[in-house]
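Worksheet: one structure, shown below.
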Amino acid sequence: MHALGNVMRTDLRILLSTAAIAALAAPLGAAAQTTSKPAPDETVEEIVVTALKRSTTLQTTPMSISAVTGDSLQKIGATGLQDYFRSVPGVNLTQGQLGQSRVTIRGVQGSGEATTGLYYDETSVTGPSGTTQDPANNAADLNLFDVERVEVLRGPQGTLYGGGSMGGTIRVIYAKPDSTEFGASIEGQASATKGGSRGSYLKAMGNIPLIEGKLAARIVAYTEDRPGFVDNVRTGARNINDSHADGYRAMLGFTPTDDISLVVTKVHQNSSADDLEGWYDRLGDYKTDSAVKLLLETEMDMTSVTGKWSSPVGEVTASSAYYKYDMLRTIDFTPQYRPYIGSANGVIGYQPAYLGAWNHELRLSSKGEGPLQWTVGGYMELRKDHIDSNTVLTSLTTGQPYSPTQYLQGRYVNTGVKQTAQFGELTWTPPQVEGLSLTVGARHYDYTKTTGSAGTQRNVLTGAAPAAYSEQTAEASGWVYKFNASYKVTSDVMVYATAAEGFRPGGANNVPGLNSQLVVYNPDSLWNYEAGVKTTWLGGKLTANAAAYRIDWKDRQTSAMTADGLYQFITNAGAARIEGLELEVAARPIHGLTLNGSIGYTKAELTEDQANANILVDGSTGRKGDRIANVPDWTASASAQYVWPLPVAGLNGLVRADYAYTGEMVSTFRPTYVYFDKFGSFSTVNLRAGVEAEDWGVYAFVTNLTDAEGIMNKNSNVGYQDLLYGLTPRTVGVNARRKF
């Protein structure tokens with residue numbers, strides 16, 4: 001601990017000398033003239049959410065739902081998905097070789113279309129399908145500055161949110177323009193990572209009334225550098241996995257009358273990494289010997305329009321959005337190709353991809369507090385994406401492709417998706433039974449998914465000539481349902497039970513030489529059976545919510561590998577069952593002290609042998625009783641925050657501690673498979689302390705205090721073993737914010 005203290009003191013002295021932090025901390029000189037709001041009330045904050053597409057509170061919403069407010073996101077230093085998901089039970093984020101991430105709720109994890117819906121305001125966002133028809137692996141991670149709250153809905157949300165929400169839904173709700181007063185804020189941070197590079201960010205927001213009470217603009221801009229900590233022992237390059245992101249969000253809010261509002265949103269974000277790489281266990285912590293540089297570049301551009309009208313018959317919401325998601329990703333194929341090309345060159349998969357998608361939704365919801373509450377609507381998605389998949393030789397000197405390009409193979413893949421849906425939910429509160437509410441929901445879906453490809457360069461390994469374009473179409477239509485009953489035992493206790501269905505579209509693989517029986521894969525679906533209780537105690541000082549669930553999953557889609565280890569594809573893995581428990585507790589036992597805790601248990605395994613086991617030839621074929629990969633058995637979190645008045649008028653002190661535990665995971669189905677492994681089972685501790693007033697704050701922090709390696713994914717394949725991805729090592733820093 002003495003050495004840790006020396007490191008922290010040295011890093012903090014360096015960080016505190018930066019000009020950006022000094023400028024942000026300038027309000028300290030005027031502390032005596034600042035008036036702070038009183039410390040937080042002594043009851044748990046009642047958060048209003050819109051998970052049911054109408055306003056309810058957390059404690060009155062009959063489902064397993066968590067909400068993280070914008071203030072809480074700021075207090076834990078969250079800027080993206082990876083910074084807050086551990087505070088929510090049953091949620092996991094899997095990282096991979098391409099610098100991408102897959103979000104999982106309740107163990108509903110599988111390749112293919114997303115199993116977790118990801119919404120930014122009213123817009124459902126997914127990533128490019130790539131060569132493996134796996135858009136779920138490309139979760140769009142937009143910056144969380146100036147966010148009102150994040151809602152995490154656990155369990156299928158198929159009736160209201162569609163086919164991408166079979167495990168649950170994450171909704172990021174942006175702060176909206178305010179036409180009544182000017183406002184601005186700025187936040188900066190500088191940090192240093194043990195054995196790695198330095199990180200920093202600077203973010204700013206301005207809210208500008210243009211016509212008082214009618215029209216306002218809200219503009220957010222940010223830039224962020226995340227530290228690298230992986231070194232390449234072959235080339236001597238250090239901190240190769242550092243990354244950069246910058247972007248803006250511009251919103252225009254128009255309220256011509258009290259009953260009508262219109263919000264136009266423009267979001268743009270660029271992200272890049274010069275060499276985003278994990279590390280190899282055989283070389284030691286945070287060390288790689290990759291012969292190539294793995295570039296990753298992404299660009300998200302999204303424009304949306306949302307209109308609301310409080311009509312005489314109900315609340316009308318209409319939304320339309322178009323987004324483009326461009327990506328350049330690279331994959332190290334050197335280990336797989338080494339037996340064919342020798343040791344004089346490296347090999348990468350060089351894969352530029354782009355996605356364009358339209359989303360439209362129109363819905364009508366009931367008004368007032370009558371015995372019938374309802375929502376009906378329609379939805380349409382039109383999505384097209386393209387990827388060029390080229391395998392090329394690289395120089396061992398530069399780690400980059402030769403010029404002119406030397407191809408080992410080349411092809412491209414196009415994917416088109418059209419989805420339409422009509423949905424509705426009805427909640428009846430019978431006057432004869434006080435406290436009882438009954439809900440039924442249904443969604444009719446219809447989708448067409450077309451996948452096509454063509455070979456553009458001769459395959460050096462197989463000798464296959466370029467191939468003409470060909471395509472395959474998968475389509476289906478059907479219904480999903482939801483049934484819910486809730487009962488308020490008292491004003492402070494509610495129990496509920498839910499049976500809800502979720503689904504995902506099927507599709508077609510485009511993999512050279514793939515067995516014809518594996519080209520088309522089926523849609524998968526599940527039923528979630530859940531019982532829960534929500535309670536409030538001690539006059540609002542304590543809330544405790546719990547849920548138990550069982551999920552029966554049919555025709556589960558999963559990723560498989562061709563026998564030569566060169567291509568991944570999607571196939572169906574038979575039936576699975578997931579059982580689990582969730583508990584969340586929040587308390588404010590004394591003035592200024594806030595406590596939160598959660599725990600989740602998940603048991604996810606196959607209940608029958610993999611459906612096409614007779615066709616697959618590698619040893620990973622799933623059998624009854626095998627665990628589902630990348631699903632932690634336990635997740636837990638706890639936080640404590642204490643705010644108290646300081647002797648200087650208007651100032652408060654703040655201390656905060658956050659703890660999170662991620663349980664054991666497995667890498668693939670079969671324990672006897674050569675690449676099967678276990679990982680996970682790690683804890684993290686983050687600390688923060690500072691001084692704040694109503695409109696500014698300065699904080700020192702340390703993340704990953706114990707310097708846990710925290711392996712979140714472990715990949716092995718033909719030619720390489722134990723490629724690891726884990727937590728950022730211990731990081732210390734300072735953070736400052738200012739509101740105007």
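A note on labels: chains of the structure tokens are A, B, ... as shown, every chain counts residues from 1, and ligands are counted from 1 in their shown order.
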For A:Ile551, list every protein, DNA or RNA residue within 10 Å, evaluated using only C-alpha atoms, and leave out those in the same chain fewer than 6 positions away; present the list as a PDB file with N, CA and C atoms, in the first residue's frame.
```pdb
ATOM      1  N   ARG A 106     -29.199 -10.814 -18.921  1.00  0.00           N
ATOM      2  CA  ARG A 106     -29.750 -12.090 -18.452  1.00  0.00           C
ATOM      3  C   ARG A 106     -29.210 -13.296 -19.206  1.00  0.00           C
ATOM      4  N   GLY A 107     -27.985 -13.224 -19.680  1.00  0.00           N
ATOM      5  CA  GLY A 107     -27.385 -14.378 -20.332  1.00  0.00           C
ATOM      6  C   GLY A 107     -27.896 -14.680 -21.718  1.00  0.00           C
ATOM      7  N   VAL A 108     -28.741 -13.803 -22.269  1.00  0.00           N
ATOM      8  CA  VAL A 108     -29.254 -14.024 -23.629  1.00  0.00           C
ATOM      9  C   VAL A 108     -28.183 -13.532 -24.594  1.00  0.00           C
ATOM     10  N   GLY A 155     -35.157  -8.561 -19.431  1.00  0.00           N
ATOM     11  CA  GLY A 155     -36.204  -9.446 -19.927  1.00  0.00           C
ATOM     12  C   GLY A 155     -36.685  -8.998 -21.286  1.00  0.00           C
ATOM     13  N   PRO A 156     -37.339  -9.895 -22.049  1.00  0.00           N
ATOM     14  CA  PRO A 156     -37.768  -9.569 -23.415  1.00  0.00           C
ATOM     15  C   PRO A 156     -38.683  -8.349 -23.454  1.00  0.00           C
ATOM     16  N   GLY A 167     -33.431 -10.153 -24.998  1.00  0.00           N
ATOM     17  CA  GLY A 167     -32.873 -10.257 -23.656  1.00  0.00           C
ATOM     18  C   GLY A 167     -33.186  -9.048 -22.803  1.00  0.00           C
ATOM     19  N   ALA A 499     -45.060 -13.118 -18.249  1.00  0.00           N
ATOM     20  CA  ALA A 499     -44.663 -14.090 -19.278  1.00  0.00           C
ATOM     21  C   ALA A 499     -44.520 -13.291 -20.566  1.00  0.00           C
ATOM     22  N   ALA A 500     -43.305 -13.235 -21.109  1.00  0.00           N
ATOM     23  CA  ALA A 500     -43.049 -12.399 -22.279  1.00  0.00           C
ATOM     24  C   ALA A 500     -42.219 -13.165 -23.290  1.00  0.00           C
ATOM     25  N   GLU A 501     -42.495 -12.911 -24.561  1.00  0.00           N
ATOM     26  CA  GLU A 501     -41.830 -13.599 -25.661  1.00  0.00           C
ATOM     27  C   GLU A 501     -40.868 -12.649 -26.357  1.00  0.00           C
ATOM     28  N   LEU A 526     -37.728 -17.004 -27.655  1.00  0.00           N
ATOM     29  CA  LEU A 526     -37.704 -17.447 -26.268  1.00  0.00           C
ATOM     30  C   LEU A 526     -38.934 -16.936 -25.528  1.00  0.00           C
ATOM     31  N   TRP A 527     -39.218 -17.608 -24.413  1.00  0.00           N
ATOM     32  CA  TRP A 527     -40.223 -17.170 -23.450  1.00  0.00           C
ATOM     33  C   TRP A 527     -39.522 -16.911 -22.122  1.00  0.00           C
ATOM     34  N   ASN A 528     -39.853 -15.778 -21.514  1.00  0.00           N
ATOM     35  CA  ASN A 528     -39.315 -15.393 -20.220  1.00  0.00           C
ATOM     36  C   ASN A 528     -40.460 -15.418 -19.195  1.00  0.00           C
ATOM     37  N   TYR A 529     -40.281 -16.226 -18.141  1.00  0.00           N
ATOM     38  CA  TYR A 529     -41.271 -16.304 -17.063  1.00  0.00           C
ATOM     39  C   TYR A 529     -40.635 -15.689 -15.814  1.00  0.00           C
ATOM     40  N   GLU A 530     -41.312 -14.712 -15.244  1.00  0.00           N
ATOM     41  CA  GLU A 530     -40.671 -13.895 -14.219  1.00  0.00           C
ATOM     42  C   GLU A 530     -41.661 -13.541 -13.115  1.00  0.00           C
ATOM     43  N   ALA A 576     -32.051 -23.924 -25.171  1.00  0.00           N
ATOM     44  CA  ALA A 576     -31.287 -23.521 -23.992  1.00  0.00           C
ATOM     45  C   ALA A 576     -32.262 -23.070 -22.918  1.00  0.00           C
ATOM     46  N   ARG A 577     -31.784 -23.093 -21.671  1.00  0.00           N
ATOM     47  CA  ARG A 577     -32.569 -22.585 -20.544  1.00  0.00           C
ATOM     48  C   ARG A 577     -31.677 -21.689 -19.702  1.00  0.00           C
ATOM     49  N   ILE A 578     -32.245 -20.564 -19.296  1.00  0.00           N
ATOM     50  CA  ILE A 578     -31.541 -19.608 -18.438  1.00  0.00           C
ATOM     51  C   ILE A 578     -32.409 -19.367 -17.215  1.00  0.00           C
ATOM     52  N   GLU A 579     -31.831 -19.537 -16.051  1.00  0.00           N
ATOM     53  CA  GLU A 579     -32.526 -19.276 -14.797  1.00  0.00           C
ATOM     54  C   GLU A 579     -31.708 -18.288 -13.981  1.00  0.00           C
ATOM     55  N   GLY A 580     -32.401 -17.406 -13.270  1.00  0.00           N
ATOM     56  CA  GLY A 580     -31.640 -16.417 -12.540  1.00  0.00           C
ATOM     57  C   GLY A 580     -32.431 -15.665 -11.493  1.00  0.00           C
ATOM     58  N   ALA A 604     -27.010 -20.387 -17.349  1.00  0.00           N
ATOM     59  CA  ALA A 604     -27.387 -20.449 -18.764  1.00  0.00           C
ATOM     60  C   ALA A 604     -26.725 -21.660 -19.403  1.00  0.00           C
TER      61      ALA A 604
END
```
Secondary structure check, strand (DSSP E or B) residues of stretch 266-425 of chain A, as an NGL selection string: :A and (266-273 or 279-280 or 287-288 or 296-311 or 314-332 or 346-365 or 372-394 or 401 or 407-425)
Quick one: everything within 9 Å of stretch 342-355 of chain A, counting only C-alpha atoms, minus sequence neighbours fewer than 4 positions away in the same chain. Send it as a ChimeraX atom specification. /A:127-131,290-295,323-338,383-396,399-401,408
Under the rule that only C-alpha atoms are counted, which of A:Thr450, A:Ser200, A:Ser66, A:Asn572 is the nearest residue to A:Ala736?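 So, comparing all the options, the nearest one is A:Ser200.
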DSSP on the backbone, then: every residue of stretch 173-422 of chain A marked helix (DSSP H, G or I), written as a ChimeraX atom specification. /A:281-283,334-341
Please produce an output containing N, CA and C atoms for each residue in the selection, written as a compact mmCIF listing (two decimals), in the first residue's frame.
```txt
# COMPACT_ATOMS: atom_id res chain seq x y z
N ASP A 281 -1.41 -14.62 -23.18
CA ASP A 281 -1.08 -15.12 -21.85
C ASP A 281 0.35 -15.66 -21.81
N ARG A 282 0.82 -16.26 -22.90
CA ARG A 282 2.15 -16.87 -22.91
C ARG A 282 3.27 -15.84 -22.79
N LEU A 283 2.97 -14.56 -23.08
CA LEU A 283 4.00 -13.52 -23.03
C LEU A 283 3.98 -12.72 -21.73
N THR A 334 -2.43 -13.71 -39.27
CA THR A 334 -1.08 -14.26 -39.43
C THR A 334 -0.96 -15.68 -38.86
N PRO A 335 -1.45 -15.95 -37.63
CA PRO A 335 -1.29 -17.31 -37.09
C PRO A 335 -1.94 -18.38 -37.97
N GLN A 336 -3.13 -18.09 -38.52
CA GLN A 336 -3.81 -19.09 -39.33
C GLN A 336 -3.10 -19.31 -40.67
N TYR A 337 -2.51 -18.25 -41.21
CA TYR A 337 -1.90 -18.35 -42.54
C TYR A 337 -0.42 -18.72 -42.49
N ARG A 338 0.20 -18.70 -41.30
CA ARG A 338 1.63 -18.94 -41.21
C ARG A 338 2.07 -20.24 -41.88
N PRO A 339 1.32 -21.35 -41.72
CA PRO A 339 1.77 -22.59 -42.39
C PRO A 339 1.78 -22.49 -43.91
N TYR A 340 1.06 -21.52 -44.48
CA TYR A 340 0.95 -21.41 -45.93
C TYR A 340 1.91 -20.38 -46.52
N ILE A 341 2.24 -19.34 -45.74
CA ILE A 341 3.03 -18.23 -46.30
C ILE A 341 4.43 -18.14 -45.72
```
Proximity check stretch 363-409 of chain A to stretch 425-442 of chain A, 12 Å, nearest pairs one decimal Å, only C-alpha atoms, as a Markdown table:
```
| residue | atom | partner | partner_atom | distance |
| --- | --- | --- | --- | --- |
| A:Arg363 | CA | A:Glu425 | CA | 11.1 |
| A:Leu364 | CA | A:Glu425 | CA | 10.7 |
| A:Ser365 | CA | A:Glu425 | CA | 9.4 |
| A:Ser366 | CA | A:Leu426 | CA | 9.6 |
| A:Glu369 | CA | A:Thr429 | CA | 10.0 |
| A:Gly370 | CA | A:Thr429 | CA | 8.2 |
| A:Pro371 | CA | A:Thr429 | CA | 4.7 |
| A:Leu372 | CA | A:Trp428 | CA | 4.8 |
| A:Gln373 | CA | A:Thr427 | CA | 5.0 |
| A:Trp374 | CA | A:Leu426 | CA | 4.3 |
| A:Thr375 | CA | A:Glu425 | CA | 5.3 |
| A:Val376 | CA | A:Glu425 | CA | 6.5 |
| A:Gly377 | CA | A:Glu425 | CA | 9.4 |
| A:Gly378 | CA | A:Ala442 | CA | 11.8 |
```
Name the residues in contact with A:Gly199 at a cut-off of 9 Å, using only C-alpha atoms, excluding same-chain residues fewer than 2 positions from it; report them as a PyMOL selection string. chain A and resi 189-193+197+201+224-228+242+733
For A:Trp696, please output as a CSV table (one decimal) with N, CA and C atoms, in the first residue's frame all residues within 8 Å (counting only C-alpha atoms; exclusion window: fewer than 6 positions along the same chain).
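Saved to around_39.csv:
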```csv
chain,number,residue,atom,x,y,z
A,27,PRO,N,-13.1,28.4,-10.3
A,27,PRO,CA,-14.2,28.9,-9.4
A,27,PRO,C,-13.8,28.7,-8.0
A,736,ALA,N,-12.8,17.8,-13.2
A,736,ALA,CA,-13.4,19.1,-12.8
A,736,ALA,C,-14.6,19.4,-13.7
A,737,ARG,N,-15.6,20.0,-13.1
A,737,ARG,CA,-16.8,20.4,-13.9
A,737,ARG,C,-17.2,21.8,-13.5
A,738,ARG,N,-17.9,22.5,-14.4
A,738,ARG,CA,-18.4,23.8,-14.1
A,738,ARG,C,-19.7,24.0,-14.9
A,739,LYS,N,-20.7,24.6,-14.2
A,739,LYS,CA,-22.0,24.9,-14.8
A,739,LYS,C,-22.1,26.4,-14.8
```
Which residues come within 12 Å of A:Val88, counting only C-alpha atoms, excluding same-chain residues fewer than 6 positions away, as a PDB file with N, CA, C and O atoms, in the first residue's frame?
```pdb
ATOM      1  N   SER A  64     -38.495  -5.710 -14.181  1.00  0.00           N
ATOM      2  CA  SER A  64     -37.149  -5.571 -13.639  1.00  0.00           C
ATOM      3  C   SER A  64     -36.411  -4.505 -14.440  1.00  0.00           C
ATOM      4  O   SER A  64     -36.035  -4.719 -15.596  1.00  0.00           O
ATOM      5  N   ILE A  65     -36.252  -3.343 -13.850  1.00  0.00           N
ATOM      6  CA  ILE A  65     -35.687  -2.199 -14.554  1.00  0.00           C
ATOM      7  C   ILE A  65     -34.757  -1.432 -13.628  1.00  0.00           C
ATOM      8  O   ILE A  65     -35.023  -1.290 -12.426  1.00  0.00           O
ATOM      9  N   SER A  66     -33.641  -0.962 -14.175  1.00  0.00           N
ATOM     10  CA  SER A  66     -32.715  -0.085 -13.467  1.00  0.00           C
ATOM     11  C   SER A  66     -32.609   1.223 -14.221  1.00  0.00           C
ATOM     12  O   SER A  66     -32.776   1.258 -15.448  1.00  0.00           O
ATOM     13  N   ALA A  67     -32.311   2.285 -13.505  1.00  0.00           N
ATOM     14  CA  ALA A  67     -32.106   3.587 -14.140  1.00  0.00           C
ATOM     15  C   ALA A  67     -30.892   4.249 -13.494  1.00  0.00           C
ATOM     16  O   ALA A  67     -30.764   4.271 -12.262  1.00  0.00           O
ATOM     17  N   VAL A  68     -30.004   4.759 -14.337  1.00  0.00           N
ATOM     18  CA  VAL A  68     -28.826   5.480 -13.887  1.00  0.00           C
ATOM     19  C   VAL A  68     -28.982   6.924 -14.340  1.00  0.00           C
ATOM     20  O   VAL A  68     -29.066   7.195 -15.545  1.00  0.00           O
ATOM     21  N   LEU A  81     -20.534   2.747 -22.601  1.00  0.00           N
ATOM     22  CA  LEU A  81     -21.154   1.526 -22.090  1.00  0.00           C
ATOM     23  C   LEU A  81     -20.266   0.799 -21.088  1.00  0.00           C
ATOM     24  O   LEU A  81     -20.742   0.290 -20.067  1.00  0.00           O
ATOM     25  N   GLN A  82     -18.955   0.737 -21.372  1.00  0.00           N
ATOM     26  CA  GLN A  82     -18.063  -0.054 -20.536  1.00  0.00           C
ATOM     27  C   GLN A  82     -17.872   0.541 -19.154  1.00  0.00           C
ATOM     28  O   GLN A  82     -17.326  -0.108 -18.253  1.00  0.00           O
ATOM     29  N   THR A 104     -24.997  -7.967 -23.331  1.00  0.00           N
ATOM     30  CA  THR A 104     -25.831  -9.107 -22.981  1.00  0.00           C
ATOM     31  C   THR A 104     -26.601  -8.810 -21.706  1.00  0.00           C
ATOM     32  O   THR A 104     -26.038  -8.279 -20.751  1.00  0.00           O
ATOM     33  N   ILE A 105     -27.886  -9.142 -21.681  1.00  0.00           N
ATOM     34  CA  ILE A 105     -28.715  -9.030 -20.487  1.00  0.00           C
ATOM     35  C   ILE A 105     -29.302 -10.399 -20.181  1.00  0.00           C
ATOM     36  O   ILE A 105     -29.807 -11.087 -21.075  1.00  0.00           O
ATOM     37  N   ARG A 106     -29.199 -10.814 -18.921  1.00  0.00           N
ATOM     38  CA  ARG A 106     -29.750 -12.090 -18.452  1.00  0.00           C
ATOM     39  C   ARG A 106     -29.210 -13.296 -19.206  1.00  0.00           C
ATOM     40  O   ARG A 106     -29.926 -14.282 -19.407  1.00  0.00           O
ATOM     41  N   VAL A 150     -30.020   6.730 -18.123  1.00  0.00           N
ATOM     42  CA  VAL A 150     -29.943   5.485 -18.892  1.00  0.00           C
ATOM     43  C   VAL A 150     -30.875   4.478 -18.227  1.00  0.00           C
ATOM     44  O   VAL A 150     -30.789   4.254 -17.014  1.00  0.00           O
ATOM     45  N   GLU A 151     -31.782   3.908 -18.999  1.00  0.00           N
ATOM     46  CA  GLU A 151     -32.699   2.894 -18.500  1.00  0.00           C
ATOM     47  C   GLU A 151     -32.263   1.521 -19.002  1.00  0.00           C
ATOM     48  O   GLU A 151     -31.947   1.358 -20.190  1.00  0.00           O
ATOM     49  N   VAL A 152     -32.231   0.541 -18.107  1.00  0.00           N
ATOM     50  CA  VAL A 152     -31.897  -0.833 -18.471  1.00  0.00           C
ATOM     51  C   VAL A 152     -33.105  -1.700 -18.150  1.00  0.00           C
ATOM     52  O   VAL A 152     -33.474  -1.885 -16.987  1.00  0.00           O
ATOM     53  N   LEU A 153     -33.752  -2.225 -19.193  1.00  0.00           N
ATOM     54  CA  LEU A 153     -34.959  -3.046 -19.067  1.00  0.00           C
ATOM     55  C   LEU A 153     -34.546  -4.498 -19.235  1.00  0.00           C
ATOM     56  O   LEU A 153     -34.084  -4.907 -20.306  1.00  0.00           O
ATOM     57  N   ARG A 154     -34.675  -5.278 -18.180  1.00  0.00           N
ATOM     58  CA  ARG A 154     -34.260  -6.681 -18.225  1.00  0.00           C
ATOM     59  C   ARG A 154     -35.444  -7.578 -18.588  1.00  0.00           C
ATOM     60  O   ARG A 154     -36.557  -7.377 -18.103  1.00  0.00           O
ATOM     61  N   ILE A 170     -31.610  -1.362 -23.583  1.00  0.00           N
ATOM     62  CA  ILE A 170     -30.916  -0.232 -22.951  1.00  0.00           C
ATOM     63  C   ILE A 170     -31.341   1.028 -23.684  1.00  0.00           C
ATOM     64  O   ILE A 170     -31.239   1.108 -24.912  1.00  0.00           O
ATOM     65  N   GLU A 582     -32.306 -11.641  -9.366  1.00  0.00           N
ATOM     66  CA  GLU A 582     -31.777 -10.271  -9.342  1.00  0.00           C
ATOM     67  C   GLU A 582     -32.281  -9.570  -8.089  1.00  0.00           C
ATOM     68  O   GLU A 582     -33.448  -9.731  -7.704  1.00  0.00           O
ATOM     69  N   LEU A 583     -31.416  -8.803  -7.475  1.00  0.00           N
ATOM     70  CA  LEU A 583     -31.782  -8.032  -6.288  1.00  0.00           C
ATOM     71  C   LEU A 583     -31.099  -6.676  -6.365  1.00  0.00           C
ATOM     72  O   LEU A 583     -29.897  -6.588  -6.638  1.00  0.00           O
ATOM     73  N   GLU A 584     -31.868  -5.615  -6.133  1.00  0.00           N
ATOM     74  CA  GLU A 584     -31.332  -4.256  -6.078  1.00  0.00           C
ATOM     75  C   GLU A 584     -31.836  -3.571  -4.813  1.00  0.00           C
ATOM     76  O   GLU A 584     -33.027  -3.648  -4.481  1.00  0.00           O
ATOM     77  N   VAL A 585     -30.922  -2.879  -4.126  1.00  0.00           N
ATOM     78  CA  VAL A 585     -31.243  -2.182  -2.888  1.00  0.00           C
ATOM     79  C   VAL A 585     -30.671  -0.772  -2.971  1.00  0.00           C
ATOM     80  O   VAL A 585     -29.542  -0.566  -3.449  1.00  0.00           O
ATOM     81  N   ASN A 596     -26.069   1.973  -2.469  1.00  0.00           N
ATOM     82  CA  ASN A 596     -26.708   1.167  -3.507  1.00  0.00           C
ATOM     83  C   ASN A 596     -26.025  -0.188  -3.576  1.00  0.00           C
ATOM     84  O   ASN A 596     -24.800  -0.292  -3.400  1.00  0.00           O
ATOM     85  N   GLY A 597     -26.800  -1.214  -3.847  1.00  0.00           N
ATOM     86  CA  GLY A 597     -26.236  -2.546  -4.002  1.00  0.00           C
ATOM     87  C   GLY A 597     -27.074  -3.383  -4.945  1.00  0.00           C
ATOM     88  O   GLY A 597     -28.288  -3.165  -5.076  1.00  0.00           O
ATOM     89  N   SER A 598     -26.449  -4.318  -5.620  1.00  0.00           N
ATOM     90  CA  SER A 598     -27.179  -5.216  -6.513  1.00  0.00           C
ATOM     91  C   SER A 598     -26.446  -6.532  -6.608  1.00  0.00           C
ATOM     92  O   SER A 598     -25.222  -6.609  -6.389  1.00  0.00           O
ATOM     93  N   ILE A 599     -27.195  -7.563  -6.929  1.00  0.00           N
ATOM     94  CA  ILE A 599     -26.604  -8.871  -7.151  1.00  0.00           C
ATOM     95  C   ILE A 599     -27.447  -9.609  -8.183  1.00  0.00           C
ATOM     96  O   ILE A 599     -28.676  -9.471  -8.209  1.00  0.00           O
ATOM     97  N   GLY A 600     -26.798 -10.328  -9.060  1.00  0.00           N
ATOM     98  CA  GLY A 600     -27.495 -11.111 -10.070  1.00  0.00           C
ATOM     99  C   GLY A 600     -26.873 -12.484 -10.218  1.00  0.00           C
ATOM    100  O   GLY A 600     -25.640 -12.614 -10.194  1.00  0.00           O
ATOM    101  N   TRP A 634     -22.294 -14.989 -11.762  1.00  0.00           N
ATOM    102  CA  TRP A 634     -22.687 -14.003 -10.763  1.00  0.00           C
ATOM    103  C   TRP A 634     -22.235 -12.613 -11.200  1.00  0.00           C
ATOM    104  O   TRP A 634     -21.160 -12.462 -11.792  1.00  0.00           O
ATOM    105  N   THR A 635     -23.050 -11.629 -10.917  1.00  0.00           N
ATOM    106  CA  THR A 635     -22.632 -10.225 -11.014  1.00  0.00           C
ATOM    107  C   THR A 635     -23.103  -9.539  -9.737  1.00  0.00           C
ATOM    108  O   THR A 635     -24.157  -9.879  -9.179  1.00  0.00           O
ATOM    109  N   ALA A 636     -22.312  -8.586  -9.266  1.00  0.00           N
ATOM    110  CA  ALA A 636     -22.674  -7.872  -8.046  1.00  0.00           C
ATOM    111  C   ALA A 636     -22.042  -6.493  -8.077  1.00  0.00           C
ATOM    112  O   ALA A 636     -20.995  -6.277  -8.714  1.00  0.00           O
ATOM    113  N   SER A 637     -22.669  -5.564  -7.400  1.00  0.00           N
ATOM    114  CA  SER A 637     -22.109  -4.214  -7.300  1.00  0.00           C
ATOM    115  C   SER A 637     -22.576  -3.573  -6.010  1.00  0.00           C
ATOM    116  O   SER A 637     -23.609  -3.945  -5.441  1.00  0.00           O
ATOM    117  N   ALA A 638     -21.808  -2.603  -5.547  1.00  0.00           N
ATOM    118  CA  ALA A 638     -22.164  -1.832  -4.363  1.00  0.00           C
ATOM    119  C   ALA A 638     -21.504  -0.468  -4.463  1.00  0.00           C
ATOM    120  O   ALA A 638     -20.402  -0.335  -5.006  1.00  0.00           O
ATOM    121  N   SER A 639     -22.180   0.551  -3.960  1.00  0.00           N
ATOM    122  CA  SER A 639     -21.601   1.893  -3.944  1.00  0.00           C
ATOM    123  C   SER A 639     -22.041   2.610  -2.684  1.00  0.00           C
ATOM    124  O   SER A 639     -23.132   2.361  -2.148  1.00  0.00           O
ATOM    125  N   TYR A 659     -17.858  -0.674  -5.979  1.00  0.00           N
ATOM    126  CA  TYR A 659     -17.335  -2.038  -6.066  1.00  0.00           C
ATOM    127  C   TYR A 659     -18.162  -2.816  -7.077  1.00  0.00           C
ATOM    128  O   TYR A 659     -19.386  -2.647  -7.152  1.00  0.00           O
ATOM    129  N   ALA A 660     -17.514  -3.675  -7.853  1.00  0.00           N
ATOM    130  CA  ALA A 660     -18.237  -4.530  -8.795  1.00  0.00           C
ATOM    131  C   ALA A 660     -17.539  -5.879  -8.896  1.00  0.00           C
ATOM    132  O   ALA A 660     -16.308  -5.965  -8.850  1.00  0.00           O
ATOM    133  N   TYR A 661     -18.347  -6.928  -9.038  1.00  0.00           N
ATOM    134  CA  TYR A 661     -17.824  -8.275  -9.207  1.00  0.00           C
ATOM    135  C   TYR A 661     -18.428  -8.891 -10.456  1.00  0.00           C
ATOM    136  O   TYR A 661     -19.641  -8.798 -10.691  1.00  0.00           O
ATOM    137  N   THR A 662     -17.583  -9.510 -11.281  1.00  0.00           N
ATOM    138  CA  THR A 662     -18.015 -10.267 -12.458  1.00  0.00           C
ATOM    139  C   THR A 662     -17.580 -11.708 -12.272  1.00  0.00           C
ATOM    140  O   THR A 662     -16.401 -11.984 -12.036  1.00  0.00           O
TER     141      THR A 662
END
```
Please, what distance in Å, to one decimal, runs between atom CA of A:Glu42 and atom CA of A:Leu654? 16.1 Å
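For A:Leu593, the residues within 9 Å (counting only C-alpha atoms, excluding itself and residues fewer than 6 positions away along the chain) are Pro40, Glu42, Ala587, Ala640, Gln641, Tyr642, Val643 and Trp644 of chain A.
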Taking only C-alpha atoms into account, name the residue in A:Val648, A:Met665, A:Val520, A:Ala237 that is nearest to A:Glu605.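 Among A:Val648, A:Met665, A:Val520, A:Ala237, it is A:Met665 that comes nearest to A:Glu605.
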